[in-house]
Amino acid sequence: MKKIQILPSILGTDYDALPLVCEDFEKAGADQIHIDVMDGIFVKNVSFSPATVQSCKLSSSLPLNVHLMVNDPLDLISDYVAVGADTIHVHIESDCDIYTTLRKIKDNKKIAGITINPESSIETILPLIDKKLVDEVLIMTVNPGLGGQEYMPEVESKISIIRKRFPHLDITVDGGINDISIGTAAAKGANRFVVGSYLFSLKNFQSGISNLRSIAELNYNHSP
Ligand code: DX5
Ligand code: ZN
């Protein structure tokens with residue numbers, strides 16, 4: 001069984017509140033912190049920057065999982081490496097040379113993630129995994145750019161395709177994860193879960209994270 005990880009998303013957090021929120025996530029047992037970077041072009045909204053990652057780095061020792069929802073991630077890789085990103089996810093739909101971008105992440109000894117939107121074909125990312133350019137796949141279970149959207153179950157077939165073909169790969173799902181959808185995504189073979197608005201809707205991060213982890217562990221299927 002792959003190790004289950006819970007990755008709180010800080011998307012809804014004010015910059016000033018970040019240090020305390022990151023400390024709280026660490027005390028609550030989170031595995032990594034997920035940081036959404038949006039450029040206003042690839043998606044409509046604008047969010048976060050290297051300064052955000054630096055602030056999280058200073059206030060927590062958790063690995064930092066950076067999700068670049070930007071049109072041209074290649075030029076940004078060095079900036080995010082410099083401030084302490086541990087994983088960098090880039091979108092297959094972004095307007096860049098994806099091979100060069102993933103190689104740059106790996107050359108910097110960081111974990112390279114490929115992210116795929118709900119409408120994109122899973123076939124687009126298979127060659128990148130086959131060529132070992134990717135350490136992790138981030139499957140969007142909502143359209144990117146906004147927290148608080150509803151989980152799209154129609155994306156689940158992508159999770160099982162990847163899990164069957166690459167049993168050792170880490171598969172993260174992002175968008176609309178709650179105490180119900182985490183179970184169905186885990187049953188398709190996802191082992192890492194980004195959780196934003198659902199976690200913030202709970203009073204207690206610690207019991208929320210531990211409950212989500214138990215549901216994922218109970219439902220995880222390594223051979224979906
Ligand atoms: C959406 C972002 C997500 C977002 C998830 O574009 O990539 O990481 O923070 O938030 P929820 O869990 O509220 O869907
Ligand atoms: Zn994200």
# chains A, B, ... in the order shown; residues from 1 in each chain; ligands from 1
>>> closest_atom_pairs(of="chain A", to="ligand 1", cutoff="9 Å", atoms="only C-alpha atoms and all ligand atoms", output="Markdown table")
| residue | atom | partner | partner_atom_place_in_ligand_line | distance |
| --- | --- | --- | --- | --- |
| A:Pro8 | CA | ligand 1 | 12 (O) | 8.1 |
| A:Ser9 | CA | ligand 1 | 9 (O) | 4.9 |
| A:Ile10 | CA | ligand 1 | 9 (O) | 6.7 |
| A:Leu11 | CA | ligand 1 | 9 (O) | 4.9 |
| A:Gly12 | CA | ligand 1 | 9 (O) | 7.3 |
| A:His34 | CA | ligand 1 | 8 (O) | 6.7 |
| A:Ile35 | CA | ligand 1 | 8 (O) | 7.1 |
| A:Asp36 | CA | ligand 1 | 7 (O) | 5.7 |
| A:Val37 | CA | ligand 1 | 7 (O) | 8.4 |
| A:Met38 | CA | ligand 1 | 6 (O) | 8.4 |
| A:Val43 | CA | ligand 1 | 6 (O) | 8.4 |
| A:His67 | CA | ligand 1 | 7 (O) | 6.8 |
| A:Leu68 | CA | ligand 1 | 7 (O) | 8.7 |
| A:Met69 | CA | ligand 1 | 7 (O) | 7.7 |
| A:Met140 | CA | ligand 1 | 7 (O) | 7.2 |
| A:Thr141 | CA | ligand 1 | 14 (O) | 8.2 |
| A:Val142 | CA | ligand 1 | 1 (C) | 6.9 |
| A:Asn143 | CA | ligand 1 | 6 (O) | 6.4 |
| A:Pro144 | CA | ligand 1 | 6 (O) | 3.4 |
| A:Gly145 | CA | ligand 1 | 6 (O) | 3.7 |
| A:Leu146 | CA | ligand 1 | 6 (O) | 4.6 |
| A:Gly147 | CA | ligand 1 | 10 (O) | 3.7 |
| A:Gly148 | CA | ligand 1 | 13 (O) | 3.6 |
| A:Gln149 | CA | ligand 1 | 14 (O) | 5.2 |
| A:Glu150 | CA | ligand 1 | 14 (O) | 7.0 |
| A:Tyr151 | CA | ligand 1 | 14 (O) | 7.4 |
| A:Val173 | CA | ligand 1 | 8 (O) | 9.0 |
| A:Asp174 | CA | ligand 1 | 8 (O) | 5.4 |
| A:Gly175 | CA | ligand 1 | 14 (O) | 3.5 |
| A:Gly176 | CA | ligand 1 | 14 (O) | 3.8 |
| A:Ile177 | CA | ligand 1 | 12 (O) | 5.3 |
| A:Asn178 | CA | ligand 1 | 12 (O) | 7.5 |
| A:Val194 | CA | ligand 1 | 8 (O) | 6.1 |
| A:Val195 | CA | ligand 1 | 12 (O) | 4.2 |
| A:Gly196 | CA | ligand 1 | 12 (O) | 3.4 |
| A:Ser197 | CA | ligand 1 | 13 (O) | 3.7 |
| A:Tyr198 | CA | ligand 1 | 12 (O) | 6.0 |
| A:Leu199 | CA | ligand 1 | 12 (O) | 7.7 |
| A:Phe200 | CA | ligand 1 | 13 (O) | 8.6 |
>>> write_last_selection(atoms="N, CA and C atoms", output="mmCIF file, in the first residue's frame")
data_model
loop_
_atom_site.group_PDB
_atom_site.id
_atom_site.type_symbol
_atom_site.label_atom_id
_atom_site.label_comp_id
_atom_site.auth_asym_id
_atom_site.auth_seq_id
_atom_site.Cartn_x
_atom_site.Cartn_y
_atom_site.Cartn_z
ATOM 1 N N PRO A 8 -2.854 19.962 3.325
ATOM 2 C CA PRO A 8 -3.733 21.131 3.393
ATOM 3 C C PRO A 8 -3.299 22.201 2.387
ATOM 4 N N SER A 9 -4.299 22.850 1.779
ATOM 5 C CA SER A 9 -4.040 23.949 0.837
ATOM 6 C C SER A 9 -4.232 25.267 1.573
ATOM 7 N N ILE A 10 -3.305 26.194 1.361
ATOM 8 C CA ILE A 10 -3.395 27.485 2.056
ATOM 9 C C ILE A 10 -4.100 28.537 1.203
ATOM 10 N N LEU A 11 -4.770 28.092 0.128
ATOM 11 C CA LEU A 11 -5.326 29.052 -0.836
ATOM 12 C C LEU A 11 -6.204 30.133 -0.178
ATOM 13 N N GLY A 12 -6.965 29.750 0.826
ATOM 14 C CA GLY A 12 -7.879 30.729 1.420
ATOM 15 C C GLY A 12 -7.257 31.558 2.543
ATOM 16 N N HIS A 34 0.330 22.493 0.662
ATOM 17 C CA HIS A 34 0.090 22.703 -0.772
ATOM 18 C C HIS A 34 -0.100 24.206 -1.027
ATOM 19 N N ILE A 35 0.691 24.743 -1.963
ATOM 20 C CA ILE A 35 0.683 26.187 -2.223
ATOM 21 C C ILE A 35 0.321 26.430 -3.691
ATOM 22 N N ASP A 36 -0.817 27.074 -3.914
ATOM 23 C CA ASP A 36 -1.326 27.310 -5.265
ATOM 24 C C ASP A 36 -0.826 28.643 -5.799
ATOM 25 N N VAL A 37 -0.114 28.608 -6.903
ATOM 26 C CA VAL A 37 0.376 29.841 -7.533
ATOM 27 C C VAL A 37 -0.404 30.055 -8.828
ATOM 28 N N MET A 38 -1.069 31.203 -8.942
ATOM 29 C CA MET A 38 -1.881 31.489 -10.140
ATOM 30 C C MET A 38 -1.427 32.807 -10.754
ATOM 31 N N VAL A 43 -5.009 30.738 -15.362
ATOM 32 C CA VAL A 43 -6.328 30.778 -14.720
ATOM 33 C C VAL A 43 -6.641 32.252 -14.454
ATOM 34 N N HIS A 67 2.109 24.221 -6.531
ATOM 35 C CA HIS A 67 1.294 23.915 -7.712
ATOM 36 C C HIS A 67 1.258 25.164 -8.587
ATOM 37 N N LEU A 68 1.993 25.116 -9.703
ATOM 38 C CA LEU A 68 2.094 26.291 -10.577
ATOM 39 C C LEU A 68 0.974 26.285 -11.613
ATOM 40 N N MET A 69 -0.048 27.098 -11.384
ATOM 41 C CA MET A 69 -1.112 27.284 -12.389
ATOM 42 C C MET A 69 -0.747 28.537 -13.162
ATOM 43 N N MET A 140 -6.258 16.967 -11.292
ATOM 44 C CA MET A 140 -7.238 17.968 -10.860
ATOM 45 C C MET A 140 -8.631 17.335 -10.870
ATOM 46 N N THR A 141 -9.310 17.435 -9.731
ATOM 47 C CA THR A 141 -10.669 16.910 -9.643
ATOM 48 C C THR A 141 -11.686 18.057 -9.619
ATOM 49 N N VAL A 142 -11.202 19.262 -9.970
ATOM 50 C CA VAL A 142 -12.054 20.425 -10.287
ATOM 51 C C VAL A 142 -11.307 21.170 -11.391
ATOM 52 N N ASN A 143 -11.979 22.148 -12.011
ATOM 53 C CA ASN A 143 -11.242 23.006 -12.936
ATOM 54 C C ASN A 143 -10.356 23.933 -12.108
ATOM 55 N N PRO A 144 -9.105 24.137 -12.503
ATOM 56 C CA PRO A 144 -8.176 24.860 -11.648
ATOM 57 C C PRO A 144 -8.527 26.339 -11.525
ATOM 58 N N GLY A 145 -8.087 26.939 -10.425
ATOM 59 C CA GLY A 145 -8.200 28.395 -10.299
ATOM 60 C C GLY A 145 -9.022 28.893 -9.142
ATOM 61 N N LEU A 146 -9.702 27.984 -8.457
ATOM 62 C CA LEU A 146 -10.619 28.424 -7.412
ATOM 63 C C LEU A 146 -10.796 27.329 -6.372
ATOM 64 N N GLY A 147 -10.787 27.723 -5.093
ATOM 65 C CA GLY A 147 -11.107 26.763 -4.038
ATOM 66 C C GLY A 147 -12.620 26.635 -3.895
ATOM 67 N N GLY A 148 -13.057 25.640 -3.152
ATOM 68 C CA GLY A 148 -14.469 25.520 -2.798
ATOM 69 C C GLY A 148 -15.370 24.967 -3.886
ATOM 70 N N GLN A 149 -14.821 24.384 -4.933
ATOM 71 C CA GLN A 149 -15.667 23.814 -5.993
ATOM 72 C C GLN A 149 -16.007 22.357 -5.681
ATOM 73 N N GLU A 150 -16.985 21.855 -6.437
ATOM 74 C CA GLU A 150 -17.422 20.475 -6.207
ATOM 75 C C GLU A 150 -16.537 19.460 -6.941
ATOM 76 N N TYR A 151 -16.204 18.401 -6.240
ATOM 77 C CA TYR A 151 -15.425 17.273 -6.782
ATOM 78 C C TYR A 151 -16.087 16.708 -8.036
ATOM 79 N N VAL A 173 -4.624 13.979 -5.653
ATOM 80 C CA VAL A 173 -5.828 14.585 -6.220
ATOM 81 C C VAL A 173 -6.046 15.940 -5.562
ATOM 82 N N ASP A 174 -6.580 16.882 -6.358
ATOM 83 C CA ASP A 174 -6.685 18.271 -5.907
ATOM 84 C C ASP A 174 -8.006 18.859 -6.378
ATOM 85 N N GLY A 175 -8.849 19.223 -5.392
ATOM 86 C CA GLY A 175 -10.095 19.900 -5.706
ATOM 87 C C GLY A 175 -11.316 19.164 -5.189
ATOM 88 N N GLY A 176 -12.040 19.837 -4.283
ATOM 89 C CA GLY A 176 -13.291 19.276 -3.777
ATOM 90 C C GLY A 176 -13.122 18.057 -2.887
ATOM 91 N N ILE A 177 -11.958 17.916 -2.273
ATOM 92 C CA ILE A 177 -11.763 16.740 -1.411
ATOM 93 C C ILE A 177 -12.401 16.997 -0.038
ATOM 94 N N ASN A 178 -13.238 16.041 0.362
ATOM 95 C CA ASN A 178 -13.881 16.108 1.676
ATOM 96 C C ASN A 178 -13.973 14.686 2.228
ATOM 97 N N VAL A 194 -5.020 16.788 -1.566
ATOM 98 C CA VAL A 194 -4.998 18.218 -1.235
ATOM 99 C C VAL A 194 -6.365 18.567 -0.666
ATOM 100 N N VAL A 195 -6.372 19.234 0.465
ATOM 101 C CA VAL A 195 -7.666 19.585 1.076
ATOM 102 C C VAL A 195 -7.653 21.068 1.446
ATOM 103 N N GLY A 196 -8.579 21.831 0.855
ATOM 104 C CA GLY A 196 -8.664 23.259 1.118
ATOM 105 C C GLY A 196 -9.857 23.610 1.959
ATOM 106 N N SER A 197 -10.950 23.994 1.288
ATOM 107 C CA SER A 197 -12.093 24.566 2.014
ATOM 108 C C SER A 197 -12.716 23.598 3.024
ATOM 109 N N TYR A 198 -12.695 22.303 2.725
ATOM 110 C CA TYR A 198 -13.300 21.368 3.691
ATOM 111 C C TYR A 198 -12.582 21.449 5.038
ATOM 112 N N LEU A 199 -11.251 21.479 4.991
ATOM 113 C CA LEU A 199 -10.489 21.503 6.250
ATOM 114 C C LEU A 199 -10.751 22.802 7.014
ATOM 115 N N PHE A 200 -10.810 23.920 6.263
ATOM 116 C CA PHE A 200 -11.051 25.209 6.924
ATOM 117 C C PHE A 200 -12.484 25.318 7.463
#
>>> closest_residue(among="A:Ser207, A:Val90, A:Ile125, A:Asp130", to="ligand 2", atoms="only C-alpha atoms and all ligand atoms")
A:Val90
>>> select_by_dssp(residues="region 10-203 of chain A", states="helix (DSSP H, G or I)", output="NGL selection string")
:A and (15-27 or 50-59 or 74-82 or 98-107 or 122-124 or 126-130 or 153-165 or 181-187 or 197-200)
>>> residues_around(residues="region 91-103 of chain A", least_positions_apart="2", cutoff="9 Å", atoms="only C-alpha atoms", output="PyMOL selection string")
chain A and resi 42+67-75+77+88-89+105-108+112-117+120+124-125+128+133-134+138
>>> residues_around(residues="Val83 (chain A)", least_positions_apart="3", cutoff="12 Å", atoms="only C-alpha atoms", output="ChimeraX atom specification")
/A:49-58,64,66,76-80,86-88
>>> write_last_selection(atoms="C-alpha atoms", output="compact mmCIF listing (two decimals), in the first residue's frame")
# COMPACT_ATOMS: atom_id res chain seq x y z
CA SER A 49 4.44 34.12 -5.12
CA PRO A 50 7.88 32.94 -4.00
CA ALA A 51 7.43 35.15 -0.90
CA THR A 52 4.52 32.94 0.16
CA VAL A 53 6.66 29.83 -0.09
CA GLN A 54 9.42 31.55 1.88
CA SER A 55 6.97 32.48 4.63
CA CYS A 56 5.77 28.85 4.87
CA LYS A 57 9.38 27.64 4.92
CA LEU A 58 10.21 29.88 7.87
CA LEU A 64 6.25 22.46 0.54
CA VAL A 66 3.98 24.07 -5.00
CA LEU A 76 9.79 30.47 -12.48
CA ILE A 77 11.44 27.19 -11.45
CA SER A 78 14.66 28.80 -10.13
CA ASP A 79 12.69 31.28 -8.01
CA TYR A 80 10.68 28.54 -6.32
CA ASP A 86 10.24 20.64 -2.24
CA THR A 87 7.82 19.56 -4.97
CA ILE A 88 6.97 21.62 -8.03
>>> select_by_dssp(residues="region 6-207 of chain A", states="strand (DSSP E)", output="number ranges by chain")
A: 6-8, 33-39, 46-47, 64-69, 87-91, 111-116, 136-140, 170-174, 192-195
>>> atom_distance(atom1="CA of Phe205 (chain A)", atom2="CA of Leu18 (chain A)")
14.8 Å
>>> atom_distance(atom1="CA of Ser121 (chain A)", atom2="CA of Ser181 (chain A)")
21.6 Å
>>> residues_around(residues="Ile182 (chain A)", least_positions_apart="5", cutoff="12 Å", atoms="only C-alpha atoms", output="ChimeraX atom specification")
/A:4-6,141,151-153,156,172-177,187-195,198,209,211-220
>>> closest_residue(among="A:Ile139, A:Lys164, A:Met1, A:Leu169", to="ligand 2", atoms="only C-alpha atoms and all ligand atoms")
A:Ile139
>>> closest_residue(among="A:Ile129, A:Cys22, A:Ile33, A:Ile111", to="ligand 2", atoms="only C-alpha atoms and all ligand atoms")
A:Ile33
